[in-house]
>>> print(open('coords06.cif').read())   # mmCIF, C-alpha atoms and all ligand atoms
data_data
loop_
_atom_site.label_atom_id
_atom_site.label_comp_id
_atom_site.auth_asym_id
_atom_site.auth_seq_id
_atom_site.Cartn_x
_atom_site.Cartn_y
_atom_site.Cartn_z
CA MET A 1 -70.97 82.23 103.49
CA GLY A 2 -74.69 82.94 103.75
CA GLN A 3 -76.68 82.93 106.91
CA SER A 4 -75.80 79.97 109.06
CA GLN A 5 -78.57 77.47 109.66
CA THR A 6 -80.14 77.39 113.11
CA LYS A 7 -78.42 74.62 114.99
CA ARG A 8 -80.47 72.10 116.95
CA THR A 9 -79.97 72.90 120.60
CA VAL A 10 -81.59 69.73 121.88
CA PRO A 11 -79.17 67.09 123.06
CA GLU A 12 -79.09 63.99 120.93
CA LYS A 13 -81.07 61.19 122.51
CA ARG A 14 -81.18 57.54 121.62
CA ILE A 15 -83.78 54.92 122.31
CA ILE A 16 -84.16 51.25 121.74
CA LEU A 17 -87.53 50.62 120.18
CA GLY A 18 -88.59 47.11 121.20
CA VAL A 19 -91.26 45.61 118.98
CA THR A 20 -93.16 42.53 120.15
CA GLY A 21 -95.57 40.30 118.27
CA GLY A 22 -98.93 41.98 118.01
CA ILE A 23 -100.96 43.43 115.15
CA ALA A 24 -100.13 46.94 116.42
CA ALA A 25 -96.50 46.28 115.39
CA TYR A 26 -97.20 48.16 112.16
CA LYS A 27 -97.57 51.35 114.21
CA ALA A 28 -93.98 50.92 115.43
CA ALA A 29 -92.74 51.85 111.96
CA GLU A 30 -94.54 55.20 112.12
CA LEU A 31 -93.34 55.72 115.69
CA ALA A 32 -89.73 55.14 114.59
CA ARG A 33 -90.17 57.60 111.72
CA LEU A 34 -91.65 60.32 113.95
CA LEU A 35 -88.92 59.96 116.56
CA ILE A 36 -86.15 60.07 113.95
CA GLN A 37 -87.75 63.22 112.54
CA GLN A 38 -87.27 64.76 115.98
CA GLY A 39 -83.57 63.93 115.96
CA ILE A 40 -83.84 60.89 118.22
CA GLY A 41 -81.62 57.94 117.34
CA VAL A 42 -83.67 54.75 117.10
CA GLN A 43 -82.24 51.24 117.37
CA VAL A 44 -84.93 48.62 116.80
CA ALA A 45 -84.97 45.26 118.58
CA MET A 46 -87.70 42.79 117.71
CA THR A 47 -88.94 39.49 119.06
CA GLU A 48 -89.24 36.60 116.60
CA ALA A 49 -93.04 36.95 116.83
CA ALA A 50 -92.83 40.62 115.86
CA THR A 51 -91.03 39.71 112.63
CA ARG A 52 -94.25 37.92 111.58
CA PHE A 53 -96.07 41.27 111.61
CA ILE A 54 -93.44 43.64 110.24
CA THR A 55 -90.13 42.81 108.65
CA PRO A 56 -86.77 43.71 110.19
CA LEU A 57 -85.80 44.97 106.74
CA ALA A 58 -88.57 47.60 106.84
CA MET A 59 -87.43 48.76 110.26
CA GLN A 60 -83.79 48.79 109.15
CA ALA A 61 -84.66 50.87 106.11
CA LEU A 62 -86.51 53.38 108.32
CA THR A 63 -83.89 53.67 111.04
CA GLY A 64 -80.70 53.11 109.09
CA HIS A 65 -79.52 50.47 111.59
CA PRO A 66 -79.61 46.68 111.40
CA VAL A 67 -82.37 45.35 113.62
CA LEU A 68 -81.55 43.20 116.66
CA VAL A 69 -83.54 39.99 116.72
CA ASN A 70 -81.43 36.99 117.46
CA GLN A 71 -79.65 36.68 120.76
CA TRP A 72 -77.27 34.14 119.27
CA ASP A 73 -75.91 36.58 116.67
CA ALA A 74 -72.15 36.82 116.70
CA ALA A 75 -72.36 40.60 116.34
CA ASP A 76 -71.27 42.48 119.47
CA ASN A 77 -69.56 39.24 120.63
CA GLY A 78 -72.99 37.91 121.59
CA MET A 79 -73.30 40.81 124.04
CA ALA A 80 -75.96 42.80 122.17
CA HIS A 81 -78.27 42.46 125.15
CA ILE A 82 -75.80 44.43 127.26
CA GLY A 83 -74.16 46.74 124.74
CA ALA A 84 -77.30 48.13 123.09
CA SER A 85 -78.93 49.42 126.24
CA ARG A 86 -75.74 51.11 127.45
CA ALA A 87 -75.97 53.52 124.54
CA ALA A 88 -79.69 54.21 125.05
CA ASP A 89 -81.53 56.86 127.06
CA ALA A 90 -84.63 54.67 127.26
CA ILE A 91 -86.13 51.42 126.02
CA VAL A 92 -89.59 51.85 124.54
CA ILE A 93 -91.60 48.67 123.94
CA ALA A 94 -94.33 49.35 121.37
CA PRO A 95 -96.38 47.29 121.08
CA ALA A 96 -95.97 45.46 124.37
CA THR A 97 -98.00 42.26 124.19
CA ALA A 98 -99.56 40.59 127.26
CA ASP A 99 -97.02 37.80 126.92
CA PHE A 100 -94.06 40.15 126.82
CA ILE A 101 -95.41 42.17 129.75
CA ALA A 102 -95.67 38.92 131.74
CA LYS A 103 -92.07 38.09 130.86
CA LEU A 104 -90.85 41.52 131.96
CA ALA A 105 -92.81 41.38 135.20
CA HIS A 106 -91.11 38.09 136.05
CA GLY A 107 -87.63 39.06 134.92
CA LEU A 108 -87.44 36.43 132.18
CA ALA A 109 -84.68 36.80 129.62
CA GLY A 110 -85.17 33.98 127.12
CA ASP A 111 -84.95 36.15 123.99
CA LEU A 112 -82.82 39.09 122.97
CA LEU A 113 -85.38 41.82 123.68
CA SER A 114 -86.34 40.57 127.15
CA ALA A 115 -82.65 40.03 127.98
CA LEU A 116 -81.99 43.58 126.85
CA CYS A 117 -84.73 44.86 129.16
CA LEU A 118 -83.44 42.85 132.10
CA ALA A 119 -79.86 44.01 131.54
CA ARG A 120 -80.78 47.67 130.98
CA ASP A 121 -79.55 50.61 133.00
CA CYS A 122 -82.01 53.10 131.50
CA PRO A 123 -85.76 53.75 131.93
CA LEU A 124 -88.32 51.38 130.42
CA LEU A 125 -91.50 52.64 128.70
CA LEU A 126 -94.26 50.27 127.61
CA ALA A 127 -97.16 50.75 125.23
CA PRO A 128 -99.46 47.79 125.89
CA ALA A 129 -101.54 46.42 123.01
CA MET A 130 -103.92 43.53 123.37
CA ASN A 131 -107.50 42.34 123.36
CA LYS A 132 -109.64 43.85 126.15
CA GLN A 133 -110.14 40.57 128.01
CA MET A 134 -106.39 40.00 128.02
CA TRP A 135 -105.89 43.55 129.32
CA GLU A 136 -108.52 43.21 132.03
CA ASN A 137 -107.33 39.77 133.08
CA PRO A 138 -106.13 39.94 136.69
CA ALA A 139 -102.85 38.32 135.63
CA THR A 140 -102.09 41.18 133.21
CA GLN A 141 -103.18 43.77 135.74
CA ARG A 142 -100.91 42.16 138.35
CA ASN A 143 -98.03 42.24 135.90
CA ILE A 144 -98.64 45.88 135.01
CA ALA A 145 -98.87 46.82 138.69
CA GLN A 146 -95.56 45.00 139.26
CA LEU A 147 -93.86 46.81 136.39
CA LEU A 148 -95.13 50.17 137.62
CA ALA A 149 -93.83 49.31 141.08
CA ASP A 150 -90.50 48.52 139.38
CA SER A 151 -90.54 52.08 137.92
CA ALA A 152 -91.57 51.27 134.34
CA THR A 153 -93.69 53.92 132.60
CA VAL A 154 -96.89 52.61 131.02
CA LEU A 155 -98.27 54.60 128.08
CA GLY A 156 -101.92 53.78 127.45
CA PRO A 157 -103.57 51.61 126.36
CA CYS A 158 -106.72 53.29 125.14
CA SER A 159 -110.19 52.15 124.33
CA GLY A 160 -111.38 51.54 120.79
CA ALA A 161 -111.94 49.07 117.98
CA GLN A 162 -109.74 46.00 118.30
CA ALA A 163 -108.22 43.76 115.65
CA CYS A 164 -110.40 40.87 116.88
CA GLY A 165 -113.54 42.87 116.06
CA GLU A 166 -114.37 43.66 119.70
CA GLU A 167 -114.41 47.12 121.29
CA GLY A 168 -112.70 48.07 124.51
CA MET A 169 -109.62 48.96 126.48
CA GLY A 170 -106.37 47.47 125.23
CA ARG A 171 -105.75 49.27 121.98
CA MET A 172 -102.24 50.71 121.63
CA LEU A 173 -101.94 54.50 121.55
CA GLU A 174 -101.43 55.95 118.10
CA ALA A 175 -97.86 56.56 116.91
CA GLU A 176 -98.17 60.38 117.14
CA GLU A 177 -99.31 60.16 120.71
CA LEU A 178 -96.57 57.72 121.65
CA ALA A 179 -93.99 59.92 119.97
CA ARG A 180 -95.19 62.90 122.00
CA GLU A 181 -95.06 60.91 125.23
CA VAL A 182 -91.57 59.61 124.47
CA MET A 183 -90.33 63.08 123.55
CA ALA A 184 -91.83 64.55 126.71
CA PHE A 185 -90.17 61.76 128.70
CA LEU A 186 -86.80 62.45 127.09
CA GLN A 187 -87.47 66.19 127.33
CA VAL A 188 -86.75 66.61 123.66
CA GLY A 189 -87.99 69.98 122.47
CA GLY A 190 -86.89 71.73 125.66
CA PRO A 191 -88.56 72.00 129.01
CA VAL A 192 -92.33 72.09 128.96
CA GLY A 193 -92.41 75.86 129.59
CA GLU A 194 -90.54 76.54 126.37
CA ARG A 195 -92.94 74.59 124.24
CA SER A 196 -96.21 75.80 122.85
CA PRO A 197 -98.39 75.70 125.99
CA THR A 198 -101.02 73.30 124.76
CA PRO A 199 -99.80 71.53 121.63
CA THR A 200 -102.70 69.93 119.85
CA LEU A 201 -102.63 66.52 118.28
CA PRO A 202 -102.53 66.15 114.50
CA PRO A 203 -105.98 66.86 112.98
CA GLU A 204 -107.00 63.21 112.63
CA ARG A 205 -106.36 62.65 116.35
CA ARG A 206 -108.34 65.67 117.57
CA GLU A 207 -111.27 63.58 118.66
CA LEU A 208 -112.93 66.53 120.38
CA ASN A 209 -112.38 69.09 117.64
CA GLY A 210 -114.72 72.05 118.19
CA VAL A 211 -116.53 70.26 121.04
CA LYS A 212 -117.38 72.62 123.93
CA ILE A 213 -116.26 71.22 127.25
CA LEU A 214 -117.02 72.66 130.66
CA VAL A 215 -114.80 71.43 133.49
CA THR A 216 -114.92 72.07 137.24
CA ALA A 217 -111.71 71.58 139.19
CA GLY A 218 -110.07 72.06 142.55
CA PRO A 219 -111.64 72.34 145.98
CA THR A 220 -114.21 74.87 147.13
CA TYR A 221 -113.81 77.06 150.20
CA GLU A 222 -116.79 77.71 152.44
CA ALA A 223 -116.24 80.63 154.77
CA ILE A 224 -117.04 80.21 158.45
CA ASP A 225 -115.87 83.70 159.35
CA ALA A 226 -113.52 86.36 158.02
CA VAL A 227 -110.44 84.14 158.33
CA ARG A 228 -111.62 80.53 158.66
CA GLY A 229 -113.36 78.16 156.37
CA ILE A 230 -114.17 74.60 155.31
CA THR A 231 -112.23 73.16 152.40
CA ASN A 232 -110.52 69.91 151.40
CA ARG A 233 -107.15 68.71 150.15
CA SER A 234 -107.95 68.66 146.43
CA SER A 235 -105.02 70.19 144.50
CA GLY A 236 -106.89 70.67 141.22
CA LYS A 237 -104.23 68.68 139.33
CA MET A 238 -106.64 66.12 137.91
CA GLY A 239 -109.11 68.76 136.70
CA TYR A 240 -106.33 70.82 135.12
CA ALA A 241 -104.99 67.67 133.44
CA VAL A 242 -108.47 67.09 131.99
CA VAL A 243 -108.40 70.65 130.65
CA GLN A 244 -105.00 70.12 129.02
CA ALA A 245 -106.01 66.79 127.50
CA ALA A 246 -109.24 68.33 126.14
CA LEU A 247 -107.30 71.22 124.57
CA GLU A 248 -104.86 68.78 122.95
CA MET A 249 -107.82 66.96 121.45
CA GLY A 250 -109.11 70.19 119.89
CA ALA A 251 -111.90 71.04 122.36
CA GLU A 252 -113.03 74.55 123.33
CA VAL A 253 -112.59 74.45 127.07
CA THR A 254 -114.08 76.50 129.89
CA LEU A 255 -112.67 75.80 133.33
CA VAL A 256 -114.49 76.76 136.50
CA SER A 257 -111.79 76.50 139.12
CA GLY A 258 -111.88 76.57 142.88
CA PRO A 259 -108.82 77.96 144.71
CA THR A 260 -105.65 76.10 143.64
CA ALA A 261 -101.95 76.86 143.47
CA LEU A 262 -101.84 75.97 139.77
CA ASP A 263 -101.24 78.32 136.85
CA LYS A 264 -104.25 79.04 134.64
CA PRO A 265 -104.14 76.62 131.71
CA PRO A 266 -103.30 78.65 128.57
CA GLY A 267 -105.87 78.13 125.87
CA ALA A 268 -108.84 77.61 128.20
CA ARG A 269 -111.30 80.19 129.47
CA THR A 270 -110.91 80.13 133.23
CA VAL A 271 -113.49 81.35 135.70
CA ASP A 272 -112.13 81.57 139.24
CA VAL A 273 -114.55 80.85 142.05
CA THR A 274 -114.24 80.25 145.77
CA SER A 275 -117.38 78.70 147.23
CA ALA A 276 -119.65 75.92 145.99
CA ALA A 277 -122.41 78.50 145.52
CA GLU A 278 -120.16 80.54 143.22
CA MET A 279 -119.12 77.41 141.33
CA PHE A 280 -122.78 76.47 140.94
CA GLU A 281 -123.63 79.93 139.55
CA ALA A 282 -120.69 79.85 137.11
CA VAL A 283 -121.68 76.38 135.88
CA LYS A 284 -125.39 77.24 135.64
CA GLN A 285 -124.57 80.15 133.33
CA ARG A 286 -122.49 77.98 131.01
CA ALA A 287 -123.94 74.46 131.14
CA ALA A 288 -126.58 74.94 128.43
CA ASP A 289 -123.85 75.88 125.95
CA ALA A 290 -121.63 72.89 126.75
CA ASP A 291 -121.49 69.63 124.78
CA ILE A 292 -119.64 67.81 127.55
CA PHE A 293 -119.48 68.57 131.27
CA VAL A 294 -116.72 67.06 133.39
CA GLY A 295 -117.15 67.58 137.13
CA VAL A 296 -113.74 67.03 138.66
CA ALA A 297 -114.06 69.55 141.49
CA ALA A 298 -114.13 68.35 145.06
CA VAL A 299 -117.14 70.46 145.94
CA ALA A 300 -117.74 70.92 149.66
CA ASP A 301 -120.98 69.17 150.48
CA TYR A 302 -121.84 71.63 153.26
CA ARG A 303 -121.44 75.32 154.02
CA ALA A 304 -121.78 77.31 157.21
CA ALA A 305 -125.39 78.37 157.77
CA GLN A 306 -124.37 81.80 159.03
CA PRO A 307 -120.84 82.75 158.06
CA SER A 308 -119.61 85.68 160.10
CA THR A 309 -118.13 88.69 158.34
CA GLN A 310 -115.90 89.25 161.38
CA LYS A 311 -113.46 86.87 163.00
CA ILE A 312 -115.35 84.81 165.58
CA LYS A 313 -113.83 85.40 169.01
CA LYS A 314 -113.06 82.41 171.19
CA GLY A 315 -115.23 81.82 174.24
CA ASP A 316 -115.08 79.38 177.13
CA GLY A 317 -117.93 77.11 176.15
CA LYS A 318 -118.70 74.72 173.31
CA LEU A 319 -119.11 76.13 169.83
CA THR A 320 -121.58 74.50 167.50
CA LEU A 321 -121.40 75.19 163.81
CA GLU A 322 -124.59 74.74 161.83
CA LEU A 323 -124.06 73.47 158.30
CA LEU A 324 -126.38 73.52 155.32
CA PRO A 325 -126.09 71.21 152.32
CA ASN A 326 -124.67 72.67 149.11
CA PRO A 327 -126.33 72.08 145.74
CA ASP A 328 -125.01 69.10 143.81
CA ILE A 329 -123.64 70.77 140.68
CA LEU A 330 -123.15 67.60 138.67
CA ALA A 331 -126.62 66.27 139.47
CA TYR A 332 -128.09 69.65 138.47
CA VAL A 333 -126.32 69.62 135.08
CA ALA A 334 -127.23 65.98 134.43
CA GLY A 335 -130.86 66.82 135.24
CA LEU A 336 -131.17 69.66 132.72
CA PRO A 337 -133.80 69.12 130.00
CA LYS A 338 -131.04 68.85 127.38
CA PRO A 339 -127.98 67.97 129.43
CA PRO A 340 -124.47 67.92 128.03
CA PHE A 341 -122.74 64.52 128.13
CA CYS A 342 -121.85 64.35 131.83
CA VAL A 343 -118.72 62.85 133.32
CA GLY A 344 -118.36 62.66 137.08
CA PHE A 345 -115.58 61.78 139.45
CA ALA A 346 -115.92 59.85 142.66
CA ALA A 347 -113.37 60.02 145.41
CA GLU A 348 -114.04 57.18 147.80
CA SER A 349 -112.15 56.15 150.90
CA GLU A 350 -113.65 52.62 150.98
CA LYS A 351 -116.00 50.26 149.06
CA LEU A 352 -114.96 51.97 145.83
CA HIS A 353 -116.94 49.81 143.37
CA GLU A 354 -120.15 49.83 145.39
CA HIS A 355 -120.13 53.57 146.14
CA ALA A 356 -119.04 54.60 142.65
CA ALA A 357 -121.72 52.54 140.90
CA ALA A 358 -124.35 53.93 143.29
CA LYS A 359 -123.12 57.50 142.70
CA ARG A 360 -123.33 57.08 138.91
CA ALA A 361 -126.89 55.81 139.20
CA ALA A 362 -127.96 58.49 141.72
CA LYS A 363 -126.57 61.36 139.64
CA LYS A 364 -127.85 59.73 136.40
CA ILE A 365 -124.60 60.25 134.53
CA PRO A 366 -123.31 58.09 131.67
CA LEU A 367 -119.67 58.02 132.79
CA LEU A 368 -117.99 58.17 136.17
CA ALA A 369 -114.30 57.92 136.99
CA ALA A 370 -113.63 56.63 140.47
CA ASN A 371 -110.50 56.57 142.56
CA LEU A 372 -109.43 56.04 146.12
CA ALA A 373 -109.28 59.46 147.75
CA GLN A 374 -106.34 58.61 149.99
CA GLN A 375 -104.26 57.59 146.93
CA ALA A 376 -105.35 60.38 144.61
CA ILE A 377 -105.72 63.65 146.50
CA GLY A 378 -102.69 65.89 145.98
CA ALA A 379 -100.75 63.06 144.26
CA ASP A 380 -99.25 63.30 140.77
CA GLU A 381 -100.44 59.80 139.83
CA ASN A 382 -103.61 57.88 140.37
CA GLU A 383 -105.49 54.75 139.34
CA LEU A 384 -108.94 55.22 137.88
CA ILE A 385 -111.84 52.90 137.30
CA LEU A 386 -114.31 54.06 134.69
CA PHE A 387 -117.95 53.08 135.18
CA ASP A 388 -120.29 53.26 132.19
CA ASP A 389 -123.23 51.32 130.77
CA ALA A 390 -120.86 48.63 129.50
CA GLY A 391 -119.35 48.03 132.94
CA GLU A 392 -116.00 48.85 134.49
CA HIS A 393 -112.69 49.74 132.81
CA LEU A 394 -109.47 49.99 134.75
CA LEU A 395 -106.94 52.73 133.94
CA PRO A 396 -103.89 51.48 135.85
CA ARG A 397 -101.80 53.83 137.93
CA ALA A 398 -100.24 56.55 135.77
CA ASP A 399 -99.65 60.27 135.92
CA LYS A 400 -102.78 62.41 135.94
CA LEU A 401 -102.25 63.77 132.42
CA ALA A 402 -102.04 60.26 130.97
CA GLN A 403 -105.20 59.35 132.92
CA ALA A 404 -106.97 62.48 131.73
CA ARG A 405 -106.10 61.65 128.12
CA ALA A 406 -107.37 58.09 128.47
CA LEU A 407 -110.54 59.31 130.19
CA LEU A 408 -111.23 61.86 127.45
CA ARG A 409 -110.63 59.33 124.68
CA HIS A 410 -113.22 57.12 126.34
CA THR A 411 -115.52 60.14 126.80
CA ALA A 412 -115.13 61.15 123.14
CA LYS A 413 -116.09 57.66 122.04
CA LEU A 414 -119.23 57.52 124.20
CA TYR A 415 -120.14 61.10 123.26
CA ARG A 416 -119.93 60.26 119.56
CA GLN A 417 -121.93 57.06 120.03
CA GLY A 418 -124.61 59.09 121.86
CA ASN A 419 -124.80 61.60 119.01
CA LEU A 420 -125.19 58.83 116.45
CA ARG A 421 -128.21 57.35 118.20
N1 LIG K 501 -120.17 67.13 142.87
C1 LIG K 501 -120.79 68.30 142.50
N2 LIG K 501 -121.41 69.07 143.45
C2 LIG K 501 -121.41 68.69 144.74
C3 LIG K 501 -120.77 67.49 145.14
C4 LIG K 501 -120.15 66.73 144.17
O1 LIG K 501 -120.78 68.65 141.31
N3 LIG K 501 -122.00 69.45 145.63
C5 LIG K 501 -119.56 66.29 141.82
C6 LIG K 501 -118.05 66.20 141.90
O2 LIG K 501 -117.44 67.19 141.10
C7 LIG K 501 -117.81 64.80 141.35
C8 LIG K 501 -119.02 64.02 141.78
O3 LIG K 501 -120.03 64.98 142.02
O4 LIG K 501 -117.79 64.77 139.94
C9 LIG K 501 -118.85 63.17 143.01
O5 LIG K 501 -118.26 63.91 144.04
P1 LIG K 501 -117.91 63.20 145.43
O6 LIG K 501 -117.38 64.24 146.36
O7 LIG K 501 -117.11 61.96 145.19
O8 LIG K 501 -119.30 62.70 145.91
P2 LIG K 501 -120.53 63.36 146.62
O9 LIG K 501 -121.65 63.45 145.63
O10 LIG K 501 -120.13 64.63 147.30
O11 LIG K 501 -120.91 62.24 147.69
P3 LIG K 501 -120.11 61.78 149.02
O12 LIG K 501 -119.39 62.98 149.53
O13 LIG K 501 -121.21 61.32 149.91
O14 LIG K 501 -119.20 60.65 148.60
#
>>> encode(input="coords06.cif", output="structure tokens")
Amino acid sequence: MGQSQTKRTVPEKRIILGVTGGIAAYKAAELARLLIQQGIGVQVAMTEAATRFITPLAMQALTGHPVLVNQWDAADNGMAHIGASRAADAIVIAPATADFIAKLAHGLAGDLLSALCLARDCPLLLAPAMNKQMWENPATQRNIAQLLADSATVLGPCSGAQACGEEGMGRMLEAEELAREVMAFLQVGGPVGERSPTPTLPPERRELNGVKILVTAGPTYEAIDAVRGITNRSSGKMGYAVVQAALEMGAEVTLVSGPTALDKPPGARTVDVTSAAEMFEAVKQRAADADIFVGVAAVADYRAAQPSTQKIKKGDGKLTLELLPNPDILAYVAGLPKPPFCVGFAAESEKLHEHAAAKRAAKKIPLLAANLAQQAIGADENELILFDDAGEHLLPRADKLAQARALLRHTAKLYRQGNLR
């Protein structure tokens, strides 16, 4: 016998791919194909409405399994809604329409796919797809918030051209991106450390190919004396997620990072700094060469007027510390004669909308991502609201990498529009 073939070491995983009735249903076929290519077993279940967009026969031909549609089928003794999910590691609904999301949020089970979801004992992943008004409608946002609270994972949506001819948030993620998210969720391809550190998207999805991006991340540390200083609770996770998302999208990334406990992102040029003054210097040297600047760092607004090189000894009386304002790095970059496309962050503890809109105007930046500081700092997930010339766009609570990807897709779109003008 010749050389034996390398055996797949990944455990076999199975998903139920739930397809609901939206125009993005055609992408489900590609998603099924990509997952099968990765050795994942795919059982498709469709709503009646979905069968108007893509035929069960097409999905059967792709997956090699009859498609579940009718809850009254005699197959599985009428117990398909129970049996199918028992054999699955996850249910992935792509596309998930506003109507189906509403059903899930309320625990309705009037068709086979929703019954399957209600009766599941495995994780549920959703890829919403709908018109932007439907997405932004408070009812949909309530339903999404409920599903997240019920431990569903929401993948996307993203912003872009919509089937109705409008532009905006609500477009389903592309099949490649969904496949990557599902595989990461199922940990197919081994633990993250074993994979290529920053896998890029297929060429057609590298929306920032060759674009130079400068990112600041983490806190700054302003020395008071040899051992004490002023800093904040920023972990750097959001900034590092922005770096990873930018690399995936093909960008050339330079990261100016304050002190964090995170590993340097492979693939990016990292400049380590400590104080706001050092961060400012590092950014000043590189800003003119950047196409896009993303200020994620939680820069200390003040520094000690006279930091002591020695440890300050305690005395009996009051101690007053004089503070001087630090330069605003983002405002400086945005004010350059030929500024890169600037994206800012706003961490607010109250009056989020009011403060964020005012901050965007004051710093004269085209795009600002705002979140509530008490929910975001140090956390793995956050909710973002994007403020741009068109208004506000909500990115519902999700992990920081998913948020960074959505933010950069939006950034890439605005950046391209700006270059076309
Ligand atoms: N920023 C900056 N340089 C500073 C302060 C802030 O580049 N000295 C950037 C941050 O990286 C972020 C944005 O400005 O992108 C907003 O930061 P934030 O701390 O929310 O706001 P401030 O401008 O510091 O205002 P305030 O503290 O009053 O909310």
>>> closest_atom_pairs(input="coords06.cif", of="chain A", to="ligand LIG 501 (chain K)", cutoff="6 Å", atoms="only C-alpha atoms and all ligand atoms", output="Markdown table")
| residue | atom | partner | partner_atom | distance |
| --- | --- | --- | --- | --- |
| A:Gly295 | CA | K:LIG501 | O2 | 4.0 |
| A:Val296 | CA | K:LIG501 | O2 | 4.4 |
| A:Ala297 | CA | K:LIG501 | O2 | 4.1 |
| A:Ala298 | CA | K:LIG501 | O2 | 5.3 |
| A:Val299 | CA | K:LIG501 | C3 | 4.8 |
| A:Asp301 | CA | K:LIG501 | N3 | 5.0 |
| A:Asn326 | CA | K:LIG501 | N3 | 5.4 |
| A:Pro327 | CA | K:LIG501 | N3 | 5.1 |
| A:Asp328 | CA | K:LIG501 | N3 | 3.5 |
| A:Ile329 | CA | K:LIG501 | O1 | 3.6 |
| A:Leu330 | CA | K:LIG501 | O1 | 3.7 |
| A:Gly344 | CA | K:LIG501 | O4 | 3.6 |
| A:Phe345 | CA | K:LIG501 | O4 | 3.8 |
| A:Ala346 | CA | K:LIG501 | O7 | 3.5 |
| A:Ala347 | CA | K:LIG501 | O7 | 4.2 |
>>> write_last_selection(input="coords06.cif", atoms="C-alpha atoms", output="CSV table (one decimal), in the frame of the given file")
chain,number,residue,atom,x,y,z
A,295,GLY,CA,-117.2,67.6,137.1
A,296,VAL,CA,-113.7,67.0,138.7
A,297,ALA,CA,-114.1,69.6,141.5
A,298,ALA,CA,-114.1,68.4,145.1
A,299,VAL,CA,-117.1,70.5,145.9
A,301,ASP,CA,-121.0,69.2,150.5
A,326,ASN,CA,-124.7,72.7,149.1
A,327,PRO,CA,-126.3,72.1,145.7
A,328,ASP,CA,-125.0,69.1,143.8
A,329,ILE,CA,-123.6,70.8,140.7
A,330,LEU,CA,-123.2,67.6,138.7
A,344,GLY,CA,-118.4,62.7,137.1
A,345,PHE,CA,-115.6,61.8,139.4
A,346,ALA,CA,-115.9,59.8,142.7
A,347,ALA,CA,-113.4,60.0,145.4
>>> residues_around(input="coords06.cif", residues="Arg120 in chain A", least_positions_apart="5", cutoff="8 Å", atoms="all atoms listed in the file", output="ChimeraX atom specification")
/A:82,85-86
>>> closest_residue(input="coords06.cif", among="A:Ser349, A:Asn70, A:Thr254, A:Ser159", to="Ala115 in chain A", atoms="all atoms listed in the file")
A:Asn70
>>> atom_distance(input="coords06.cif", atom1="CA of Asp272 in chain A", atom2="CA of Ile230 in chain A")
17.6 Å
>>> residues_near_point(input="coords06.cif", point="(-92.2, 46.3, 108.4)", cutoff="12 Å", atoms="all atoms listed in the file", output="ChimeraX atom specification")
/A:19,23-33,44,46,50-63,67
>>> atom_distance(input="coords06.cif", atom1="CA of Phe280 in chain A", atom2="CA of Glu322 in chain A")
21.0 Å
>>> decode(input="coords06.cif", residues="range 16-24 of chain A", atoms="N, CA, C and O atoms", output="short mmCIF file (atom, residue, chain, number, x, y, z; two decimals), in the first residue's frame")
data_model
loop_
_atom_site.label_atom_id
_atom_site.label_comp_id
_atom_site.auth_asym_id
_atom_site.auth_seq_id
_atom_site.Cartn_x
_atom_site.Cartn_y
_atom_site.Cartn_z
N ILE A 16 -28.30 21.64 11.68
CA ILE A 16 -29.53 21.81 10.90
C ILE A 16 -29.47 23.20 10.33
O ILE A 16 -29.24 24.17 11.07
N LEU A 17 -29.57 23.30 9.03
CA LEU A 17 -29.60 24.61 8.38
C LEU A 17 -31.06 24.96 8.14
O LEU A 17 -31.73 24.34 7.31
N GLY A 18 -31.55 25.91 8.89
CA GLY A 18 -32.95 26.35 8.75
C GLY A 18 -33.03 27.50 7.77
O GLY A 18 -32.32 28.49 7.92
N VAL A 19 -33.85 27.36 6.75
CA VAL A 19 -33.95 28.40 5.73
C VAL A 19 -35.36 28.98 5.80
O VAL A 19 -36.35 28.24 5.74
N THR A 20 -35.46 30.31 5.99
CA THR A 20 -36.78 30.93 6.03
C THR A 20 -36.96 31.83 4.80
O THR A 20 -36.02 32.02 4.03
N GLY A 21 -38.16 32.35 4.64
CA GLY A 21 -38.55 32.93 3.35
C GLY A 21 -38.11 34.34 3.07
O GLY A 21 -38.89 35.29 3.17
N GLY A 22 -36.87 34.50 2.68
CA GLY A 22 -36.38 35.82 2.27
C GLY A 22 -35.53 35.66 1.03
O GLY A 22 -35.07 34.56 0.73
N ILE A 23 -35.28 36.77 0.34
CA ILE A 23 -34.53 36.70 -0.91
C ILE A 23 -33.12 36.15 -0.68
O ILE A 23 -32.54 35.51 -1.56
N ALA A 24 -32.60 36.36 0.55
CA ALA A 24 -31.24 35.86 0.84
C ALA A 24 -31.19 34.33 0.93
O ALA A 24 -30.11 33.76 1.11
#
